[in-house]
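This report concerns only the one structure given below.
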Amino acid sequence: MPCKNLKIVCFSPTRTTRRILDAIAEGIGAEQLEVIDVTRSDRVPESCECAGDDLVIIGAPVYSGRIPLTAVERFKALKSCGTPVVPVVVYGNRAYEDALMELTDLASEAGFKPFGGAAFIGEHSFSTEKTPIAVSRPDKDDLGKAREFGRFIAAKLAAGDISGVDIPGDRPYKERSPKASASPISNDDCQLCGACERVCPTAAIAVGSLVETDPDKCIFCCACVKVCAFDARKLEVPRLLEVSQWLADNFSECREPETFI
Ligand SMILES: Cc1cc2nc3c(=O)[nH]c(=O)nc-3n(C[C@H](O)[C@H](O)[C@H](O)COP(=O)(O)O)c2cc1C
Ligand code: SF4
Ligand code: SF4
């Protein structure tokens, strides 16, 4: 069966996951494309049904070897009776550990039929000029591989083959680390433009006569840091600065995308 209706479902604070999913969709070349982007809290649908003749590509970044809890909660609106799905994770060149298995399990539990999967690489959320990690990924080659993966998905579906594949990972999944109460902060270069407030996936930021951030809501996604055109927003949490340095020192060798189909 050729793919008529393709749905992209994604959570992607710094847009690397979204760019990979868009390239996969291009490779699939469906007649109709619908994007359900749940990155912002005000865009989460109350329910979302997928039909058997749809195809869904679901994607999320890897946070500490897992799918971010915020994404897991938002994906809960999804329901299906056997819609073929391809889960995709994007990680910052360290490791994706149990994340692809977790996303695959989540899709199965919602009634989807996983028949492939992939792990791609995106610039690390914590990457800065001082601690560069997977800078500018996904690059041209990554996006080419994503389009090629899309063509493989379309061919498998056209052959009527939606058999499952082995996905790497362990159960029980790696334990989540407790969330620290902290966040990036805005410095004196801030122009109060509001861009950081608009991209924050957890509505943690309020821009008025100053920028206020709720540290309990912050998930350290760094969307606010990357969007600031005035270089005024920094993640200066000591523990995370140490982690960024460790990542830059130890994970500079480029990893390659892995696809399972
Ligand atoms: C809190 C947090 C934890 C992360 N943990 C990992 C990890 O375990 N392994 C890894 O390689 N990258 C990790 N990353 C990097 C992201 O997976 C990577 O930058 C991804 O491309 C971000 O996706 P997005 O652009 O869709 O937000 C982490 C990022 C954040 C913010
Ligand atoms: S995006 Fe930057 S300049 Fe704009 S309000 Fe946020 S910190 Fe200030
Ligand atoms: S305040 Fe926290 S959750 Fe919001 S965009 Fe910035 S890093 Fe992400």
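Following the order of the structure tokens, first chain is A, next is B, and so on, with residues numbered from 1 inside each chain and ligands from 1 in the order they appear.
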
Practice task
Throw together the list of residues within 12 Å of ligand 3, counting only C-alpha atoms and all ligand atoms, and drop it here as a ChimeraX atom specification.
Solution key: /A:12-14,39-41,68,70,125-126,179-186,194-207,211-228,233-237,240

Problem - Picked from range 65-176 of chain A by DSSP as strand (DSSP E or B), as a list in words - result: Arg66, Leu78, Lys79, Ser80, Pro84, Val85, Val86, Pro87, Val88, Val89, Val90, Tyr91, Lys113, Pro114, Gly117, Ala118, Ala119, Phe120 and Ile121 of chain A

Problem - Selection near Cys10 in chain A, 10 Å with only C-alpha atoms, sequence-local residues under 6 positions removed, as a list in words - result: Thr17, Arg18, Leu21, Val35, Ile36, Asp37, Val38, Thr39, Ile57, Ile58, Gly59, Ala60, Pro61, Ala71, Arg74, Phe75, Pro87, Val88 and Val89 of chain A

Residues as selected, all heavy atoms, written as a short mmCIF file (atom, residue, chain, number, x, y, z; two decimals), in the first residue's frame, can you do that?
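The resulting file, again_15.cif, is reproduced below:
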```
data_model
loop_
_atom_site.label_atom_id
_atom_site.label_comp_id
_atom_site.auth_asym_id
_atom_site.auth_seq_id
_atom_site.Cartn_x
_atom_site.Cartn_y
_atom_site.Cartn_z
N THR A 17 15.37 17.56 15.81
CA THR A 17 14.49 16.40 15.56
C THR A 17 13.52 16.74 14.44
O THR A 17 13.30 15.94 13.51
CB THR A 17 13.71 16.05 16.85
OG1 THR A 17 14.65 15.87 17.91
CG2 THR A 17 12.88 14.79 16.68
N ARG A 18 12.96 17.93 14.50
CA ARG A 18 11.98 18.34 13.49
C ARG A 18 12.61 18.34 12.09
O ARG A 18 12.00 17.91 11.11
CB ARG A 18 11.43 19.72 13.86
CG ARG A 18 10.47 20.32 12.88
CD ARG A 18 9.16 19.50 12.76
NE ARG A 18 8.40 19.96 11.61
CZ ARG A 18 7.55 20.98 11.65
NH1 ARG A 18 7.29 21.60 12.78
NH2 ARG A 18 6.93 21.35 10.55
N LEU A 21 12.86 14.79 10.86
CA LEU A 21 11.54 14.24 10.49
C LEU A 21 11.05 14.84 9.17
O LEU A 21 10.47 14.14 8.34
CB LEU A 21 10.51 14.49 11.60
CG LEU A 21 10.78 13.85 12.96
CD1 LEU A 21 9.56 13.96 13.86
CD2 LEU A 21 11.18 12.40 12.86
N VAL A 35 1.33 17.88 10.27
CA VAL A 35 2.36 17.95 11.32
C VAL A 35 1.69 18.23 12.66
O VAL A 35 0.96 19.21 12.80
CB VAL A 35 3.40 19.05 11.00
CG1 VAL A 35 4.44 19.12 12.12
CG2 VAL A 35 4.08 18.78 9.66
N ILE A 36 1.93 17.34 13.63
CA ILE A 36 1.43 17.55 14.99
C ILE A 36 2.65 17.78 15.86
O ILE A 36 3.32 16.85 16.30
CB ILE A 36 0.61 16.33 15.47
CG1 ILE A 36 -0.54 16.06 14.50
CG2 ILE A 36 0.09 16.55 16.89
CD1 ILE A 36 -1.19 14.71 14.67
N ASP A 37 2.99 19.06 16.03
CA ASP A 37 4.20 19.42 16.77
C ASP A 37 3.78 19.82 18.18
O ASP A 37 3.16 20.86 18.38
CB ASP A 37 4.91 20.58 16.05
CG ASP A 37 6.26 20.88 16.66
OD1 ASP A 37 6.45 20.60 17.86
OD2 ASP A 37 7.14 21.40 15.95
N VAL A 38 4.13 18.96 19.15
CA VAL A 38 3.67 19.19 20.53
C VAL A 38 4.74 19.88 21.38
O VAL A 38 4.69 19.83 22.61
CB VAL A 38 3.21 17.87 21.20
CG1 VAL A 38 2.05 17.25 20.45
CG2 VAL A 38 4.36 16.87 21.33
N THR A 39 5.69 20.54 20.71
CA THR A 39 6.79 21.15 21.48
C THR A 39 6.28 22.23 22.42
O THR A 39 6.73 22.34 23.55
CB THR A 39 7.85 21.74 20.53
OG1 THR A 39 8.22 20.74 19.58
CG2 THR A 39 9.07 22.20 21.29
N ILE A 57 5.23 9.16 11.57
CA ILE A 57 6.64 9.21 11.97
C ILE A 57 6.64 10.00 13.28
O ILE A 57 6.20 11.15 13.30
CB ILE A 57 7.51 9.98 10.95
CG1 ILE A 57 7.30 9.48 9.53
CG2 ILE A 57 8.98 9.92 11.32
CD1 ILE A 57 7.84 8.12 9.28
N ILE A 58 7.09 9.38 14.36
CA ILE A 58 7.09 10.07 15.65
C ILE A 58 8.53 10.29 16.10
O ILE A 58 9.36 9.39 15.99
CB ILE A 58 6.27 9.27 16.70
CG1 ILE A 58 6.17 10.03 18.02
CG2 ILE A 58 6.82 7.88 16.95
CD1 ILE A 58 5.14 9.45 19.00
N GLY A 59 8.83 11.51 16.56
CA GLY A 59 10.23 11.79 16.89
C GLY A 59 10.39 12.65 18.13
O GLY A 59 9.56 13.50 18.44
N ALA A 60 11.51 12.40 18.83
CA ALA A 60 11.83 13.16 20.04
C ALA A 60 13.34 13.15 20.25
O ALA A 60 14.03 12.23 19.79
CB ALA A 60 11.14 12.53 21.26
N PRO A 61 13.86 14.14 20.98
CA PRO A 61 15.28 14.10 21.32
C PRO A 61 15.54 13.12 22.45
O PRO A 61 14.61 12.68 23.14
CB PRO A 61 15.57 15.53 21.79
CG PRO A 61 14.26 16.09 22.22
CD PRO A 61 13.18 15.35 21.48
N ALA A 71 7.84 15.11 26.69
CA ALA A 71 7.40 14.52 25.41
C ALA A 71 6.51 13.31 25.67
O ALA A 71 5.46 13.14 25.04
CB ALA A 71 8.61 14.13 24.57
N ARG A 74 3.11 14.44 26.55
CA ARG A 74 2.36 15.05 25.43
C ARG A 74 1.97 14.02 24.38
O ARG A 74 0.94 14.15 23.72
CB ARG A 74 3.17 16.19 24.83
CG ARG A 74 3.25 17.30 25.85
CD ARG A 74 3.93 18.53 25.37
NE ARG A 74 4.07 19.42 26.53
CZ ARG A 74 4.70 20.56 26.52
NH1 ARG A 74 5.26 20.98 25.41
NH2 ARG A 74 4.77 21.29 27.61
N PHE A 75 2.79 12.99 24.21
CA PHE A 75 2.47 11.96 23.22
C PHE A 75 1.28 11.10 23.69
O PHE A 75 0.72 10.34 22.91
CB PHE A 75 3.68 11.05 22.96
CG PHE A 75 4.80 11.70 22.18
CD1 PHE A 75 6.11 11.22 22.29
CD2 PHE A 75 4.58 12.76 21.33
CE1 PHE A 75 7.16 11.80 21.58
CE2 PHE A 75 5.62 13.35 20.60
CZ PHE A 75 6.91 12.87 20.73
N PRO A 87 9.29 5.19 14.81
CA PRO A 87 9.84 6.07 15.84
C PRO A 87 11.28 6.49 15.50
O PRO A 87 12.07 5.67 15.02
CB PRO A 87 9.83 5.20 17.11
CG PRO A 87 8.93 4.03 16.78
CD PRO A 87 9.10 3.81 15.31
N VAL A 88 11.58 7.76 15.77
CA VAL A 88 12.91 8.30 15.45
C VAL A 88 13.40 9.13 16.65
O VAL A 88 12.66 9.97 17.16
CB VAL A 88 12.83 9.22 14.20
CG1 VAL A 88 14.18 9.87 13.91
CG2 VAL A 88 12.34 8.44 12.98
N VAL A 89 14.63 8.87 17.09
CA VAL A 89 15.20 9.71 18.14
C VAL A 89 16.41 10.47 17.59
O VAL A 89 17.07 10.02 16.65
CB VAL A 89 15.62 8.89 19.39
CG1 VAL A 89 14.41 8.27 20.06
CG2 VAL A 89 16.67 7.84 19.07
#
```

Exercise for the section: Would you please work out which residue, of A:Cys48, A:Leu103, A:Val165, A:Ala25, is nearest to Ser80 in chain A when using only C-alpha atoms? Expected result: A:Cys48

List the spatial neighbours of Lys156 in chain A as a PDB file with C-alpha atoms, in the first residue's frame - criterion: any atom at most 12 Å away, only C-alpha atoms, same-chain residues fewer than 3 positions off excluded.
```
ATOM      1  CA  MET A   1       0.000   0.000   0.000  1.00  0.00           C
ATOM      2  CA  PRO A   2       1.484   3.391  -0.996  1.00  0.00           C
ATOM      3  CA  CYS A   3       1.428   6.119   1.650  1.00  0.00           C
ATOM      4  CA  ILE A  28       8.495   9.205   1.809  1.00  0.00           C
ATOM      5  CA  LEU A  55       1.545   6.429   8.312  1.00  0.00           C
ATOM      6  CA  PRO A  84       2.060   1.811  10.994  1.00  0.00           C
ATOM      7  CA  VAL A  86       8.317   4.686  12.603  1.00  0.00           C
ATOM      8  CA  PHE A 115       7.828  -1.334  11.649  1.00  0.00           C
ATOM      9  CA  GLY A 116      11.159   0.514  11.681  1.00  0.00           C
ATOM     10  CA  PHE A 149      15.494   6.317   5.058  1.00  0.00           C
ATOM     11  CA  GLY A 150      12.158   7.855   4.043  1.00  0.00           C
ATOM     12  CA  ARG A 151      12.416   6.148   0.642  1.00  0.00           C
ATOM     13  CA  PHE A 152      13.103   2.775   2.361  1.00  0.00           C
ATOM     14  CA  ILE A 153      10.054   3.283   4.599  1.00  0.00           C
ATOM     15  CA  ALA A 159       5.319  -3.942  -0.447  1.00  0.00           C
ATOM     16  CA  GLY A 160       2.652  -4.382   2.265  1.00  0.00           C
ATOM     17  CA  ASP A 161       5.335  -5.298   4.793  1.00  0.00           C
ATOM     18  CA  ILE A 162       4.822  -3.769   8.233  1.00  0.00           C
ATOM     19  CA  SER A 163       6.716  -6.431  10.153  1.00  0.00           C
ATOM     20  CA  GLY A 164       8.532  -5.236  13.273  1.00  0.00           C
ATOM     21  CA  PHE A 260      16.373  -0.076  11.327  1.00  0.00           C
ATOM     22  CA  ILE A 261      13.951  -1.145   8.604  1.00  0.00           C
TER      23      ILE A 261
END
```

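Proximity of A:Arg66, A:Arg94, A:Arg147, A:Arg137 to Arg176 in chain A, computed with only C-alpha atoms, is greatest for A:Arg66.
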
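Among the candidates A:Val56, A:Leu69, A:Ala23, A:Ala146, the residue lying nearest to ligand 1 is A:Leu69 (atoms considered: only C-alpha atoms and all ligand atoms).
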
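Of note, CA of Gly65 in chain A and CA of Pro132 in chain A are spaced 19.8 Å apart.
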
Practice task
Once DSSP has gone over the backbone, tell me which residues of range 98-250 of chain A are in helix (DSSP H, G or I), as a PyMOL selection string.
Solution key: chain A and resi 99-109+140-158+195-199+223-227+238-250

Fill in the blank from the handout: Counting only C-alpha atoms and all ligand atoms, closest pick from A:Asn250, A:Ser127, A:Thr259, A:Ser209 relative to ligand 1 is A:Ser127

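The protein and nucleic acid residues lying at most 10 Å from Glu175 in chain A are Ser64, Gly65, Arg66, Asp98, Pro172, Tyr173, Ser177 and Pro178 of chain A, with only C-alpha atoms considered and sequence neighbours fewer than 2 positions away removed.
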
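Closest approach to Trp246 in chain A among A:Ser136, A:Asn187, A:Thr131, A:Thr16 is made by A:Thr131 (distances from only C-alpha atoms).
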
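Relative to CA of Arg171 in chain A, atom 17 (O, counted along the ligand's line) of ligand 1 is found at 19.9 Å.
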
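Candidate residues A:Glu242, A:Ala118, A:Tyr96, A:Arg43 were compared for distance to Lys145 in chain A, and the nearest is A:Ala118, using only C-alpha atoms.
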